[in-house]
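Visitor: First the structure, which I've put down as structure tokens, then a few questions once you've had a look.
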Amino acid sequence: MAIGDLTAVDGTDLYYVDVGAYDVQGYGSVYILDADRPAVVDTGLGTNVDRLLDAIGEVGIDSLDAVLTTHIHLDHAGGAGFLAEEFPDATVYVHDIGVRHLVDPSRLVAGTKAAVGDQWQYYVDPKPVPEERIESVDGGDEIDLGDRSVDVIHAPGHAPHQVVFHDRGDDVLFSGDAGGIRPEGADDLFPTSPPVNFDLEACLADAETIAERNPAYICFGHFGHAAFSPDLMAEYEDVLTGWVDRVREKRTELDDDEAVIEYFAETAETVEPWGERKSRAENRLNVKGVLGYLDEQD
């Protein structure tokens, strides 16, 4: 699957496009749901909005009714304001904690720049979303898309403003970052533990919640869909726990957080199709989040 390609999920009304986040293939997927009230799940960085608009048109959708954001990290919600401008009848759905940051993204932008460092070159300043265009959601809510309802499930381990969505019509669960990262073509799951809100115990609980839902398909923010089994989330719990243990042990050995960050960046496994640059940057970001979590435990 190349950047810009559209993929249909067999037996469903669901499609996704590789939006080319960070200028790499197989990292950022945005989902398009051809429901009575057409919707997208997440939006990409905003730098990729033209690719997303082309994909929406390719599906045959003239206008969006709903923009569902799993959380407000800019690789998931950075395009929300652009879509709200392009589709003036669309409602943007976001967890209550995230509403003010979509209305005024200034603090979100500052925090993202501090976290991602040189990767900011792949971002664009997000457009504010008018508050009257936003509907806040929380766990237990349902979003009516006409021919189906989408369950909202709070999943705060990765970030307190994260939710996952379960489309019961097609039995598809959109995991955001709650189910880990599965690069295009990979058999294994990878951790995602960015600053500043990563919480291991809450992430493990989120994985268990997803396993209990036991959907037919899981749709990862990074990347694409997979047939689901609860064993997948058991695997992710092991991956996350092992990752935190490795960072903790290296911190004890080196006693210098910058050295720990650079160690994991320099020794990062090159993930295909991301390549070395993105693989190292991903490790650097994830180590920062784990170090912050460990500080909270002290």
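Identifiers for the structure tokens are assigned positionally: chains receive A, B, ... in sequence, residues are indexed from 1 per chain, and ligands are indexed from 1 in the order shown.
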Running DSSP on the backbone, which parts of range 93-156 of chain A land in strand (DSSP E), as a list in words?
Guide: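 Reading the DSSP output for range 93-156 of chain A, strand (DSSP E) covers Tyr93, Val94, His95, Ile134, Glu135, Ser136, Val137, Glu142, Ile143, Asp144, Ser149, Val150, Asp151, Val152, Ile153 and His154 of chain A.
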Visitor: Quick one: residues within 12 Å of Asp170 in chain A, only C-alpha atoms, excluding same-chain residues fewer than 4 positions away - as a list in words?
Guide: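 Those residues are Val9, Asp10, Gly11, Thr12, Asp13, Leu14, Tyr15, Leu33, Asp34, Ala35, Asp147, Arg148, Ser149, Val150, Phe165, His166, Phe174, Pro215, Ala216, Tyr217, Ile218 and Cys219 of chain A.
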Visitor: Give me, as a list in words, all polymer residues having an atom no more than 12 Å from Lys250 in chain A, counting only C-alpha atoms and skipping those fewer than 3 positions away in the same chain.
Guide: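 Contacts, in chain order: Trp243, Val244, Asp245, Arg246, Val247, Glu253, Leu254, Asp255, Asp256, Asp257, Glu258, Ala259, Val260, Ile261, Glu262, Tyr263, Phe264, Val287, Val290 and Leu291 of chain A.
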Visitor: Would you list the contacts of range 118-122 of chain A as a PyMOL selection string, taking every protein, DNA or RNA residue within 9 Å and counting only C-alpha atoms, but skipping same-chain residues closer than 2 positions in sequence?
Guide: chain A and resi 21-23+45+47+112-113+116+124+278+281
Visitor: So how far away is CA of His161 in chain A from CA of Ala8 in chain A, in Å?
Guide: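 Interatomic distance, CA of Ala8 in chain A to CA of His161 in chain A: 28.5 Å.
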Visitor: Excluding Asn197 in chain A and residues on its chain fewer than 6 positions from it, collect all residues at most 9 Å away from it, counting only C-alpha atoms, and give them as a list in words.
Guide: Pro156, Gly157, His158, Ala159, Pro160, Gly289, Gly292 and Tyr293 of chain A
Visitor: Quick one: pull the distance between CA of Gly44 in chain A and CA of Ser229 in chain A, Å, one decimal.
Guide: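 Rounded to one decimal, the two atoms are 26.5 Å apart.
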Visitor: Between A:Val41, A:Gln25, A:Phe190, A:Asp89, which one has atoms that come closest to Gly242 in chain A, using only C-alpha atoms?
Guide: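 Looking only at the distances to Gly242 in chain A, the closest residue turns out to be A:Phe190.
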Visitor: Can you work out which one of A:Gly26, A:Pro230, A:Pro88, A:Gly179 has the shortest atom-to-atom distance to Glu132 in chain A, counting only C-alpha atoms?
Guide: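 Of A:Gly26, A:Pro230, A:Pro88, A:Gly179, the one nearest Glu132 in chain A is A:Pro88, counting only C-alpha atoms.
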Visitor: Find the residues around range 67-72 of chain A up to 9 Å (only C-alpha atoms counted), leave out those fewer than 3 positions away in its own chain, and share them as an MDAnalysis selection string.
Guide: chainID A and resid 38:43 64 75:78 80 83:84 90:95 98:99 101:102 108 159:165 174:177 221
Visitor: Could you check how far CA of Leu204 in chain A sits from CA of Ile153 in chain A, in Å to one decimal?
Guide: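 Here the two named atoms are 14.7 Å from each other.
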Visitor: Run DSSP on the backbone and grab whatever in range 31-223 of chain A lands in helix (DSSP H, G or I); send it over as a PyMOL selection string.
Guide: chain A and resi 49-59+74-77+80-86+96-103+106-122+131-133+200-213
Visitor: Of the candidates A:Val239, A:Leu173, A:Ile134, A:Ala66, which shows the shortest atom-to-atom distance to Asp151 in chain A, using only C-alpha atoms?
Guide: A:Leu173
Visitor: For range 54-59 of chain A, please output as a VMD selection string all residues within 7 Å (counting only C-alpha atoms; exclusion window: fewer than 6 positions along the same chain).
Guide: chain A and resid 6 17 32
Visitor: Could you check the closest approach to Ala155 in chain A for each of A:Phe223, A:Phe198, A:Tyr236, A:Tyr27 and tell me which residue wins, using only C-alpha atoms?
Guide: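 Checking each of A:Phe223, A:Phe198, A:Tyr236, A:Tyr27 against Ala155 in chain A, counting only C-alpha atoms, the winner is A:Phe198.
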